[in-house]
$ cat entry_31.pdb   # PDB, C-alpha atoms
ATOM      1  CA  MET T   1     -89.407  32.904 -13.917
ATOM      2  CA  ARG T   2     -90.947  33.367 -17.357
ATOM      3  CA  PHE T   3     -94.561  33.630 -18.487
ATOM      4  CA  PHE T   4     -96.203  30.888 -20.539
ATOM      5  CA  GLU T   5     -96.127  33.041 -23.687
ATOM      6  CA  ASP T   6     -92.334  33.411 -23.443
ATOM      7  CA  ILE T   7     -91.665  29.664 -23.390
ATOM      8  CA  ALA T   8     -91.267  27.453 -26.480
ATOM      9  CA  VAL T   9     -90.872  23.708 -27.007
ATOM     10  CA  GLY T  10     -87.204  22.816 -27.385
ATOM     11  CA  GLN T  11     -85.883  25.627 -25.190
ATOM     12  CA  ARG T  12     -83.090  24.246 -23.044
ATOM     13  CA  ARG T  13     -81.427  25.663 -19.957
ATOM     14  CA  GLU T  14     -78.179  24.427 -18.458
ATOM     15  CA  LEU T  15     -78.734  24.371 -14.703
ATOM     16  CA  GLY T  16     -75.170  23.829 -13.518
ATOM     17  CA  SER T  17     -73.058  20.965 -12.238
ATOM     18  CA  PHE T  18     -72.650  19.185  -8.925
ATOM     19  CA  THR T  19     -69.952  16.778  -7.744
ATOM     20  CA  PHE T  20     -71.272  13.937  -5.614
ATOM     21  CA  THR T  21     -68.433  13.436  -3.141
ATOM     22  CA  ALA T  22     -68.268  10.343  -0.932
ATOM     23  CA  GLU T  23     -68.927  12.565   2.079
ATOM     24  CA  LEU T  24     -72.121  14.104   0.623
ATOM     25  CA  ILE T  25     -73.371  10.726  -0.653
ATOM     26  CA  LYS T  26     -73.001   9.157   2.802
ATOM     27  CA  LYS T  27     -74.517  12.160   4.587
ATOM     28  CA  PHE T  28     -77.694  12.109   2.482
ATOM     29  CA  ALA T  29     -77.920   8.310   2.682
ATOM     30  CA  ALA T  30     -77.595   8.270   6.474
ATOM     31  CA  GLN T  31     -80.546  10.655   6.684
ATOM     32  CA  PHE T  32     -82.858   9.307   3.992
ATOM     33  CA  ASP T  33     -81.665   6.149   2.230
ATOM     34  CA  PRO T  34     -79.420   4.064   4.492
ATOM     35  CA  GLN T  35     -78.770   1.192   2.126
ATOM     36  CA  ARG T  36     -75.303  -0.329   2.364
ATOM     37  CA  PHE T  37     -74.168   0.633  -1.156
ATOM     38  CA  HIS T  38     -74.964   4.299  -0.377
ATOM     39  CA  LEU T  39     -73.058   4.256   2.938
ATOM     40  CA  ASP T  40     -69.854   2.314   2.432
ATOM     41  CA  GLU T  41     -67.286   2.192  -0.397
ATOM     42  CA  GLU T  42     -66.553  -1.526  -0.043
ATOM     43  CA  GLU T  43     -70.261  -2.440   0.016
ATOM     44  CA  GLY T  44     -70.743  -0.230  -3.048
ATOM     45  CA  ARG T  45     -67.948  -2.023  -4.892
ATOM     46  CA  LYS T  46     -69.507  -5.402  -4.134
ATOM     47  CA  SER T  47     -72.959  -4.215  -5.335
ATOM     48  CA  LEU T  48     -74.351  -3.988  -8.869
ATOM     49  CA  PHE T  49     -73.413  -0.268  -8.771
ATOM     50  CA  GLY T  50     -69.686  -1.104  -8.685
ATOM     51  CA  GLY T  51     -68.852   1.693  -6.246
ATOM     52  CA  LEU T  52     -70.203   3.994  -3.558
ATOM     53  CA  ALA T  53     -73.394   5.219  -5.274
ATOM     54  CA  ALA T  54     -75.550   8.267  -4.579
ATOM     55  CA  SER T  55     -79.163   7.664  -3.518
ATOM     56  CA  GLY T  56     -81.554   8.358  -6.379
ATOM     57  CA  TRP T  57     -83.426  10.760  -4.116
ATOM     58  CA  HIS T  58     -80.183  12.624  -3.489
ATOM     59  CA  ILE T  59     -79.753  13.064  -7.259
ATOM     60  CA  GLY T  60     -83.332  14.314  -7.578
ATOM     61  CA  SER T  61     -82.940  16.693  -4.642
ATOM     62  CA  VAL T  62     -79.755  18.182  -6.083
ATOM     63  CA  CYS T  63     -81.510  18.647  -9.439
ATOM     64  CA  MET T  64     -84.310  20.463  -7.592
ATOM     65  CA  LYS T  65     -81.750  22.703  -5.868
ATOM     66  CA  LEU T  66     -80.295  23.700  -9.241
ATOM     67  CA  LEU T  67     -83.758  24.175 -10.794
ATOM     68  CA  VAL T  68     -84.700  26.550  -7.966
ATOM     69  CA  ALA T  69     -81.422  28.462  -8.253
ATOM     70  CA  ASP T  70     -81.967  28.801 -12.009
ATOM     71  CA  GLY T  71     -85.514  30.075 -11.488
ATOM     72  CA  GLN T  72     -84.310  32.601  -8.937
ATOM     73  CA  ARG T  73     -81.542  33.717 -11.318
ATOM     74  CA  GLN T  74     -84.104  34.198 -14.112
ATOM     75  CA  ALA T  75     -86.370  36.163 -11.770
ATOM     76  CA  ARG T  76     -83.507  38.455 -10.713
ATOM     77  CA  GLU T  77     -82.522  39.038 -14.356
ATOM     78  CA  ALA T  78     -86.107  39.824 -15.353
ATOM     79  CA  ALA T  79     -86.451  42.210 -12.408
ATOM     80  CA  ALA T  80     -83.135  43.881 -13.338
ATOM     81  CA  ARG T  81     -84.502  44.447 -16.859
ATOM     82  CA  GLY T  82     -87.583  46.031 -15.281
ATOM     83  CA  GLU T  83     -89.807  43.175 -16.474
ATOM     84  CA  GLN T  84     -92.657  41.640 -14.569
ATOM     85  CA  VAL T  85     -91.675  38.345 -12.916
ATOM     86  CA  ALA T  86     -94.007  35.393 -13.333
ATOM     87  CA  VAL T  87     -94.832  33.377 -10.207
ATOM     88  CA  TRP T  88     -95.165  29.711 -11.136
ATOM     89  CA  GLY T  89     -97.694  27.458  -9.458
ATOM     90  CA  PRO T  90     -96.712  24.449  -7.385
ATOM     91  CA  SER T  91     -95.839  21.308  -9.317
ATOM     92  CA  PRO T  92     -98.508  18.587  -9.228
ATOM     93  CA  GLY T  93     -95.867  15.922  -9.759
ATOM     94  CA  PHE T  94     -93.820  14.326 -12.486
ATOM     95  CA  ARG T  95     -93.624  11.278 -14.690
ATOM     96  CA  GLU T  96     -91.058   8.808 -15.906
ATOM     97  CA  LEU T  97     -88.303   9.318 -13.392
ATOM     98  CA  ARG T  98     -85.357   7.205 -14.512
ATOM     99  CA  TRP T  99     -82.115   6.357 -12.770
ATOM    100  CA  ILE T 100     -80.323   5.282 -15.920
ATOM    101  CA  ARG T 101     -76.752   4.903 -14.678
ATOM    102  CA  PRO T 102     -75.234   4.888 -11.205
ATOM    103  CA  VAL T 103     -73.839   8.155  -9.873
ATOM    104  CA  LEU T 104     -70.661   7.118  -8.065
ATOM    105  CA  ALA T 105     -68.510   9.024  -5.587
ATOM    106  CA  GLY T 106     -66.541  11.679  -7.474
ATOM    107  CA  ASP T 107     -68.921  11.873 -10.437
ATOM    108  CA  THR T 108     -69.830  15.363 -11.613
ATOM    109  CA  ILE T 109     -73.364  15.606 -12.937
ATOM    110  CA  SER T 110     -74.442  18.467 -15.206
ATOM    111  CA  PHE T 111     -78.154  19.133 -15.035
ATOM    112  CA  ALA T 112     -80.304  20.627 -17.794
ATOM    113  CA  SER T 113     -83.996  21.306 -18.384
ATOM    114  CA  GLU T 114     -85.626  21.195 -21.818
ATOM    115  CA  ILE T 115     -89.219  22.140 -22.644
ATOM    116  CA  GLU T 116     -90.919  19.094 -24.150
ATOM    117  CA  GLN T 117     -94.597  20.066 -24.295
ATOM    118  CA  LEU T 118     -96.809  23.102 -23.708
ATOM    119  CA  ARG T 119    -100.576  23.092 -23.436
ATOM    120  CA  SER T 120    -103.471  25.110 -22.139
ATOM    121  CA  SER T 121    -105.226  24.225 -18.921
ATOM    122  CA  SER T 122    -108.877  23.596 -19.716
ATOM    123  CA  SER T 123    -109.984  24.031 -16.105
ATOM    124  CA  ARG T 124    -107.836  27.119 -15.387
ATOM    125  CA  PRO T 125    -107.548  29.390 -18.440
ATOM    126  CA  GLU T 126    -105.185  31.764 -16.631
ATOM    127  CA  TRP T 127    -102.538  29.036 -16.466
ATOM    128  CA  GLY T 128    -100.598  27.059 -19.028
ATOM    129  CA  ILE T 129     -99.170  23.611 -18.385
ATOM    130  CA  LEU T 130     -95.551  22.869 -19.176
ATOM    131  CA  HIS T 131     -93.754  19.528 -19.376
ATOM    132  CA  ALA T 132     -89.984  19.771 -19.074
ATOM    133  CA  ARG T 133     -87.485  16.925 -19.387
ATOM    134  CA  ASN T 134     -84.884  17.409 -16.663
ATOM    135  CA  THR T 135     -81.690  15.435 -17.109
ATOM    136  CA  GLY T 136     -78.391  14.811 -15.347
ATOM    137  CA  THR T 137     -75.359  13.927 -17.481
ATOM    138  CA  ASN T 138     -72.078  12.666 -16.070
ATOM    139  CA  GLN T 139     -68.514  13.776 -16.895
ATOM    140  CA  ARG T 140     -68.350  11.125 -19.658
ATOM    141  CA  GLY T 141     -71.395  12.593 -21.392
ATOM    142  CA  GLU T 142     -73.707   9.742 -20.345
ATOM    143  CA  VAL T 143     -77.236  10.621 -19.236
ATOM    144  CA  ALA T 144     -77.555   9.194 -15.708
ATOM    145  CA  PHE T 145     -80.864  10.687 -14.544
ATOM    146  CA  SER T 146     -84.030  11.959 -16.156
ATOM    147  CA  PHE T 147     -87.561  12.925 -15.270
ATOM    148  CA  LEU T 148     -90.476  14.659 -16.943
ATOM    149  CA  ALA T 149     -91.683  17.483 -14.715
ATOM    150  CA  THR T 150     -95.060  19.192 -14.878
ATOM    151  CA  ALA T 151     -95.586  22.825 -13.892
ATOM    152  CA  PHE T 152     -98.393  25.363 -13.961
ATOM    153  CA  VAL T 153     -97.131  28.596 -15.531
ATOM    154  CA  PRO T 154     -99.138  31.840 -15.491
ATOM    155  CA  ARG T 155    -100.200  33.502 -18.743
ATOM    156  CA  ARG T 156     -99.076  37.063 -19.204
ATOM    157  CA  GLY T 157    -102.512  38.474 -19.947
ATOM    158  CA  ASN T 158    -104.120  37.245 -16.756
ATOM    159  CA  THR T 159    -101.708  38.631 -14.191
ATOM    160  CA  PRO T 160    -103.075  41.426 -12.011
TER     161      PRO T 160
ATOM    162  CA  MET K   1     -86.575  -8.578   1.719
ATOM    163  CA  ARG K   2     -88.792 -11.186   0.106
ATOM    164  CA  PHE K   3     -88.327 -13.300  -3.023
ATOM    165  CA  PHE K   4     -90.479 -12.746  -6.113
ATOM    166  CA  GLU K   5     -92.428 -15.979  -5.463
ATOM    167  CA  ASP K   6     -93.468 -14.743  -1.998
ATOM    168  CA  ILE K   7     -95.054 -11.525  -3.248
ATOM    169  CA  ALA K   8     -98.650 -11.145  -4.476
ATOM    170  CA  VAL K   9    -100.607  -8.316  -6.081
ATOM    171  CA  GLY K  10    -102.592  -6.455  -3.443
ATOM    172  CA  GLN K  11    -100.163  -7.109  -0.573
ATOM    173  CA  ARG K  12     -99.857  -3.935   1.468
ATOM    174  CA  ARG K  13     -97.303  -2.917   4.068
ATOM    175  CA  GLU K  14     -97.670  -0.020   6.464
ATOM    176  CA  LEU K  15     -94.270   1.681   6.537
ATOM    177  CA  GLY K  16     -94.764   4.000   9.507
ATOM    178  CA  SER K  17     -95.490   7.676  10.086
ATOM    179  CA  PHE K  18     -93.437  10.861  10.065
ATOM    180  CA  THR K  19     -94.323  14.316  11.368
ATOM    181  CA  PHE K  20     -93.053  17.132   9.166
ATOM    182  CA  THR K  21     -92.154  19.785  11.738
ATOM    183  CA  ALA K  22     -91.452  23.366  10.681
ATOM    184  CA  GLU K  23     -87.817  22.859  11.680
ATOM    185  CA  LEU K  24     -87.338  19.759   9.494
ATOM    186  CA  ILE K  25     -89.208  21.342   6.552
ATOM    187  CA  LYS K  26     -86.957  24.415   6.618
ATOM    188  CA  LYS K  27     -83.784  22.384   7.090
ATOM    189  CA  PHE K  28     -84.426  20.227   4.016
ATOM    190  CA  ALA K  29     -85.570  23.231   1.978
ATOM    191  CA  ALA K  30     -82.463  25.243   2.828
ATOM    192  CA  GLN K  31     -80.329  22.393   1.496
ATOM    193  CA  PHE K  32     -82.286  21.284  -1.569
ATOM    194  CA  ASP K  33     -85.376  23.344  -2.371
ATOM    195  CA  PRO K  34     -85.025  26.927  -1.118
ATOM    196  CA  GLN K  35     -88.342  28.269  -2.350
ATOM    197  CA  ARG K  36     -89.961  30.841  -0.092
ATOM    198  CA  PHE K  37     -93.036  28.751   0.809
ATOM    199  CA  HIS K  38     -90.732  25.960   2.067
ATOM    200  CA  LEU K  39     -88.608  28.327   4.181
ATOM    201  CA  ASP K  40     -90.931  30.784   5.877
ATOM    202  CA  GLU K  41     -94.341  30.421   7.596
ATOM    203  CA  GLU K  42     -95.669  33.800   6.427
ATOM    204  CA  GLU K  43     -94.602  33.199   2.812
ATOM    205  CA  GLY K  44     -96.238  29.771   3.023
ATOM    206  CA  ARG K  45     -99.504  31.287   4.249
ATOM    207  CA  LYS K  46     -99.505  33.741   1.343
ATOM    208  CA  SER K  47     -98.841  30.965  -1.197
ATOM    209  CA  LEU K  48    -101.267  28.512  -2.819
ATOM    210  CA  PHE K  49    -100.179  25.982  -0.181
ATOM    211  CA  GLY K  50    -101.770  28.037   2.614
ATOM    212  CA  GLY K  51     -98.960  27.348   5.089
ATOM    213  CA  LEU K  52     -95.328  26.374   5.468
ATOM    214  CA  ALA K  53     -95.164  23.400   3.092
ATOM    215  CA  ALA K  54     -92.678  20.555   2.848
ATOM    216  CA  SER K  55     -90.673  20.230  -0.365
ATOM    217  CA  GLY K  56     -91.985  17.404  -2.519
ATOM    218  CA  TRP K  57     -88.478  15.943  -2.582
ATOM    219  CA  HIS K  58     -88.450  15.960   1.205
ATOM    220  CA  ILE K  59     -91.668  13.902   1.223
ATOM    221  CA  GLY K  60     -90.181  11.460  -1.292
ATOM    222  CA  SER K  61     -86.938  11.162   0.682
ATOM    223  CA  VAL K  62     -88.797  10.444   3.929
ATOM    224  CA  CYS K  63     -90.862   7.789   2.130
ATOM    225  CA  MET K  64     -87.572   6.241   0.915
ATOM    226  CA  LYS K  65     -86.220   6.261   4.469
ATOM    227  CA  LEU K  66     -89.272   4.341   5.703
ATOM    228  CA  LEU K  67     -89.163   1.924   2.737
ATOM    229  CA  VAL K  68     -85.531   1.104   3.529
ATOM    230  CA  ALA K  69     -86.271   0.654   7.237
ATOM    231  CA  ASP K  70     -89.163  -1.669   6.367
ATOM    232  CA  GLY K  71     -86.959  -3.698   4.022
ATOM    233  CA  GLN K  72     -84.288  -4.019   6.715
ATOM    234  CA  ARG K  73     -86.924  -5.054   9.251
ATOM    235  CA  GLN K  74     -88.210  -7.751   6.871
ATOM    236  CA  ALA K  75     -84.669  -8.988   6.255
ATOM    237  CA  ARG K  76     -83.973  -9.231  10.008
ATOM    238  CA  GLU K  77     -87.225 -11.108  10.568
ATOM    239  CA  ALA K  78     -86.492 -13.552   7.744
ATOM    240  CA  ALA K  79     -82.965 -14.110   9.080
ATOM    241  CA  ALA K  80     -84.356 -14.663  12.605
ATOM    242  CA  ARG K  81     -86.649 -17.367  11.173
ATOM    243  CA  GLY K  82     -83.602 -18.958   9.563
ATOM    244  CA  GLU K  83     -84.850 -18.110   6.068
ATOM    245  CA  GLN K  84     -82.746 -16.979   3.165
ATOM    246  CA  VAL K  85     -82.907 -13.210   2.632
ATOM    247  CA  ALA K  86     -83.493 -11.922  -0.908
ATOM    248  CA  VAL K  87     -81.247  -9.108  -2.113
ATOM    249  CA  TRP K  88     -83.263  -6.792  -4.338
ATOM    250  CA  GLY K  89     -81.746  -5.111  -7.370
ATOM    251  CA  PRO K  90     -81.410  -1.355  -7.692
ATOM    252  CA  SER K  91     -84.540   0.494  -8.797
ATOM    253  CA  PRO K  92     -84.469   1.696 -12.405
ATOM    254  CA  GLY K  93     -86.866   4.516 -11.542
ATOM    255  CA  PHE K  94     -90.526   5.175 -10.998
ATOM    256  CA  ARG K  95     -93.615   6.576 -12.674
ATOM    257  CA  GLU K  96     -96.499   8.844 -11.877
ATOM    258  CA  LEU K  97     -95.157  10.694  -8.878
ATOM    259  CA  ARG K  98     -97.957  12.884  -7.568
ATOM    260  CA  TRP K  99     -97.965  15.607  -4.954
ATOM    261  CA  ILE K 100    -101.721  15.550  -4.461
ATOM    262  CA  ARG K 101    -102.105  17.772  -1.382
ATOM    263  CA  PRO K 102     -99.695  20.051   0.431
ATOM    264  CA  VAL K 103     -97.877  18.646   3.445
ATOM    265  CA  LEU K 104     -97.877  21.512   5.950
ATOM    266  CA  ALA K 105     -95.844  22.018   9.111
ATOM    267  CA  GLY K 106     -97.201  19.726  11.828
ATOM    268  CA  ASP K 107     -98.801  17.230   9.415
ATOM    269  CA  THR K 108     -98.188  13.581  10.177
ATOM    270  CA  ILE K 109     -97.942  11.436   7.071
ATOM    271  CA  SER K 110     -98.430   7.662   7.205
ATOM    272  CA  PHE K 111     -96.694   5.868   4.378
ATOM    273  CA  ALA K 112     -97.703   2.531   2.870
ATOM    274  CA  SER K 113     -96.628   0.364  -0.040
ATOM    275  CA  GLU K 114     -98.991  -1.863  -2.025
ATOM    276  CA  ILE K 115     -98.042  -4.325  -4.761
ATOM    277  CA  GLU K 116     -99.837  -3.291  -7.963
ATOM    278  CA  GLN K 117     -98.256  -5.467 -10.652
ATOM    279  CA  LEU K 118     -95.839  -8.388 -10.947
ATOM    280  CA  ARG K 119     -94.230  -9.625 -14.132
ATOM    281  CA  SER K 120     -91.322 -11.658 -15.410
ATOM    282  CA  SER K 121     -88.257 -10.018 -16.858
ATOM    283  CA  SER K 122     -87.831 -11.278 -20.408
ATOM    284  CA  SER K 123     -84.175 -10.241 -20.591
ATOM    285  CA  ARG K 124     -83.219 -11.486 -17.110
ATOM    286  CA  PRO K 125     -85.092 -14.696 -16.221
ATOM    287  CA  GLU K 126     -83.540 -14.816 -12.734
ATOM    288  CA  TRP K 127     -85.358 -11.599 -11.804
ATOM    289  CA  GLY K 128     -89.002 -10.592 -11.512
ATOM    290  CA  ILE K 129     -90.232  -7.031 -11.903
ATOM    291  CA  LEU K 130     -92.496  -5.499  -9.288
ATOM    292  CA  HIS K 131     -94.547  -2.301  -9.434
ATOM    293  CA  ALA K 132     -95.582  -0.964  -6.038
ATOM    294  CA  ARG K 133     -97.810   2.019  -5.347
ATOM    295  CA  ASN K 134     -96.245   3.950  -2.469
ATOM    296  CA  THR K 135     -98.518   6.457  -0.774
ATOM    297  CA  GLY K 136     -98.447   9.028   1.999
ATOM    298  CA  THR K 137    -101.718   9.779   3.836
ATOM    299  CA  ASN K 138    -102.177  12.671   6.247
ATOM    300  CA  GLN K 139    -103.778  12.682   9.704
ATOM    301  CA  ARG K 140    -107.170  13.478   8.109
ATOM    302  CA  GLY K 141    -106.992  10.338   5.955
ATOM    303  CA  GLU K 142    -106.300  12.276   2.732
ATOM    304  CA  VAL K 143    -103.726  10.836   0.327
ATOM    305  CA  ALA K 144    -101.118  13.574  -0.125
ATOM    306  CA  PHE K 145     -98.377  11.773  -2.028
ATOM    307  CA  SER K 146     -98.115   8.809  -4.359
ATOM    308  CA  PHE K 147     -95.717   7.187  -6.765
ATOM    309  CA  LEU K 148     -95.455   3.923  -8.662
ATOM    310  CA  ALA K 149     -92.071   2.366  -7.961
ATOM    311  CA  THR K 150     -90.347  -0.306 -10.034
ATOM    312  CA  ALA K 151     -87.972  -2.862  -8.545
ATOM    313  CA  PHE K 152     -86.095  -5.935  -9.693
ATOM    314  CA  VAL K 153     -86.708  -8.793  -7.250
ATOM    315  CA  PRO K 154     -84.758 -12.076  -7.357
ATOM    316  CA  ARG K 155     -86.543 -15.385  -7.939
ATOM    317  CA  ARG K 156     -86.046 -18.018  -5.314
ATOM    318  CA  GLY K 157     -84.947 -20.747  -7.662
ATOM    319  CA  ASN K 158     -82.083 -18.807  -9.179
ATOM    320  CA  THR K 159     -80.241 -17.782  -6.033
ATOM    321  CA  PRO K 160     -76.879 -19.433  -5.500
TER     322      PRO K 160
END
$ encode --input "entry_31.pdb" --output "structure tokens"
Amino acid sequence: MRFFEDIAVGQRRELGSFTFTAELIKKFAAQFDPQRFHLDEEEGRKSLFGGLAASGWHIGSVCMKLLVADGQRQAREAAARGEQVAVWGPSPGFRELRWIRPVLAGDTISFASEIEQLRSSSSRPEWGILHARNTGTNQRGEVAFSFLATAFVPRRGNTP
Amino acid sequence: MRFFEDIAVGQRRELGSFTFTAELIKKFAAQFDPQRFHLDEEEGRKSLFGGLAASGWHIGSVCMKLLVADGQRQAREAAARGEQVAVWGPSPGFRELRWIRPVLAGDTISFASEIEQLRSSSSRPEWGILHARNTGTNQRGEVAFSFLATAFVPRRGNTP
């Protein structure tokens, strides 16, 4: 993970891709979102989605998985270069989550994260606040999923 | 599920409670959010969370599970009364998701949904648009989780 000073607006990271198979869609839905169009192909086809569709929370959870893996990759690379690794604070939440297009069985979604805004924390001068637009784009190049995440990122000067 | 005409601002539904055990927290985290404070008690204690903490996406997914169960319960009750059951549209997304307090192993979160705003859809007159504040409150009465969901709800008059 990087320090606040090393991050600039517009920086974009490709997080990797994930194929939402029918099996994975149904497995997540059975646990957390058992609506008929997430559980059964025929019900999906009859719905506004037009096919077996992934739960929106499944899409968000997969994006989180890839965000974490990317952060861990960055931390390993920084450590390998002998650099200090920043430890980010917990996220207070996010804004504007949008399920723009259905994610249907077989769709491959490529996730990316782009820095949209950086600002100082008035209450905690040792932290900066970052807003990143995280997106998921399908195999046809259509953005299917988007949210604006907030994170507290430590400043380099204030680390012990 | 209810029709748009049957819903009023301020209506609140208790969705039920869920206890986030250490086992369930780790299981979700291993699949979708493998950060150290979601996977290991000792790492959780050393973190800002102060204990093994549930992934925010886990909390959201459990809230979804209880929202779906509540919707299915309402639909069964309406059907048992011989009433027509409304079929809601897919959610386009939500706003202002907030992880306000950590959810630690053993915490029991009670979820609720309250109607905050109702409006007509200008582009689709057969649908109304609903904004509901969904919250999760811990066993000490502290709100730990909140988001403002959007849903398309059919109007009674326009159903075939």
$ interface_residues --input "entry_31.pdb" --of "chain K" --to "chain T" --cutoff "7 Å" --atoms "only C-alpha atoms" --output "PyMOL selection string"
chain K and resi 32-35+57+61-62+64-65+68+92-100
$ write_last_selection --input "entry_31.pdb" --atoms "C-alpha atoms" --output "mmCIF file, in the frame of the given file"
data_model
loop_
_atom_site.group_PDB
_atom_site.id
_atom_site.type_symbol
_atom_site.label_atom_id
_atom_site.label_comp_id
_atom_site.auth_asym_id
_atom_site.auth_seq_id
_atom_site.Cartn_x
_atom_site.Cartn_y
_atom_site.Cartn_z
ATOM 1 C CA PHE K 32 -82.286 21.284 -1.569
ATOM 2 C CA ASP K 33 -85.376 23.344 -2.371
ATOM 3 C CA PRO K 34 -85.025 26.927 -1.118
ATOM 4 C CA GLN K 35 -88.342 28.269 -2.350
ATOM 5 C CA TRP K 57 -88.478 15.943 -2.582
ATOM 6 C CA SER K 61 -86.938 11.162 0.682
ATOM 7 C CA VAL K 62 -88.797 10.444 3.929
ATOM 8 C CA MET K 64 -87.572 6.241 0.915
ATOM 9 C CA LYS K 65 -86.220 6.261 4.469
ATOM 10 C CA VAL K 68 -85.531 1.104 3.529
ATOM 11 C CA PRO K 92 -84.469 1.696 -12.405
ATOM 12 C CA GLY K 93 -86.866 4.516 -11.542
ATOM 13 C CA PHE K 94 -90.526 5.175 -10.998
ATOM 14 C CA ARG K 95 -93.615 6.576 -12.674
ATOM 15 C CA GLU K 96 -96.499 8.844 -11.877
ATOM 16 C CA LEU K 97 -95.157 10.694 -8.878
ATOM 17 C CA ARG K 98 -97.957 12.884 -7.568
ATOM 18 C CA TRP K 99 -97.965 15.607 -4.954
ATOM 19 C CA ILE K 100 -101.721 15.550 -4.461
#
$ resolve_selection --input "entry_31.pdb" --expression "the PyMOL selection byres ((chain T and resi 11) around 9)" --output "list in words"
Ile7, Ala8, Val9, Gly10, Arg12, Arg13, Ser113, Glu114, Ile115 and Glu116 of chain T
$ residues_near_point --input "entry_31.pdb" --point "(-66.7, 1.7, -8.1)" --cutoff "9 Å" --atoms "only C-alpha atoms" --output "short mmCIF file (atom, residue, chain, number, x, y, z; two decimals) with C-alpha atoms, in the coordinates of the input"
data_model
loop_
_atom_site.label_atom_id
_atom_site.label_comp_id
_atom_site.auth_asym_id
_atom_site.auth_seq_id
_atom_site.Cartn_x
_atom_site.Cartn_y
_atom_site.Cartn_z
CA GLU T 41 -67.29 2.19 -0.40
CA GLU T 42 -66.55 -1.53 -0.04
CA GLY T 44 -70.74 -0.23 -3.05
CA ARG T 45 -67.95 -2.02 -4.89
CA LYS T 46 -69.51 -5.40 -4.13
CA PHE T 49 -73.41 -0.27 -8.77
CA GLY T 50 -69.69 -1.10 -8.68
CA GLY T 51 -68.85 1.69 -6.25
CA LEU T 52 -70.20 3.99 -3.56
CA ALA T 53 -73.39 5.22 -5.27
CA LEU T 104 -70.66 7.12 -8.06
CA ALA T 105 -68.51 9.02 -5.59
#
$ atom_distance --input "entry_31.pdb" --atom1 "atom CA of T:Leu15" --atom2 "atom CA of T:Phe111"
5.3 Å
$ axis_aligned_box --input "entry_31.pdb" --around "stretch 42-58 of chain K" --padding-each-side "3 Å" --output "JSON"
{"center_x": -95.1, "center_y": 24.9, "center_z": 1.8, "size_x": 19.3, "size_y": 23.9, "size_z": 15.2}
$ closest_residue --input "entry_31.pdb" --among "T:Asp70, T:Ala54, T:Ala79, T:Glu126" --to "T:Arg36" --atoms "only C-alpha atoms"
T:Ala54
$ residues_around --input "entry_31.pdb" --residues "stretch 19-24 of chain T" --least-positions-apart "3" --cutoff "7 Å" --atoms "all atoms listed in the file" --output "number ranges by chain"
T: 27-28, 105-109
$ resolve_selection --input "entry_31.pdb" --expression "the PyMOL selection byres ((chain K and resi 17) around 6)" --output "ChimeraX atom specification"
/K:16,18,109-110
$ closest_residue --input "entry_31.pdb" --among "K:Val87, K:Arg156, K:Thr137, K:Glu142" --to "K:Pro125" --atoms "only C-alpha atoms"
K:Arg156
$ atom_distance --input "entry_31.pdb" --atom1 "atom CA of K:Met1" --atom2 "atom CA of T:Leu39"
18.7 Å
$ atom_distance --input "entry_31.pdb" --atom1 "atom CA of T:Glu83" --atom2 "atom CA of T:Thr135"
28.9 Å
$ resolve_selection --input "entry_31.pdb" --expression "the PyMOL selection byres ((chain T and resi 85) around 6)" --output "JSON, numbers by chain"
{"T": [1, 75, 84, 86]}
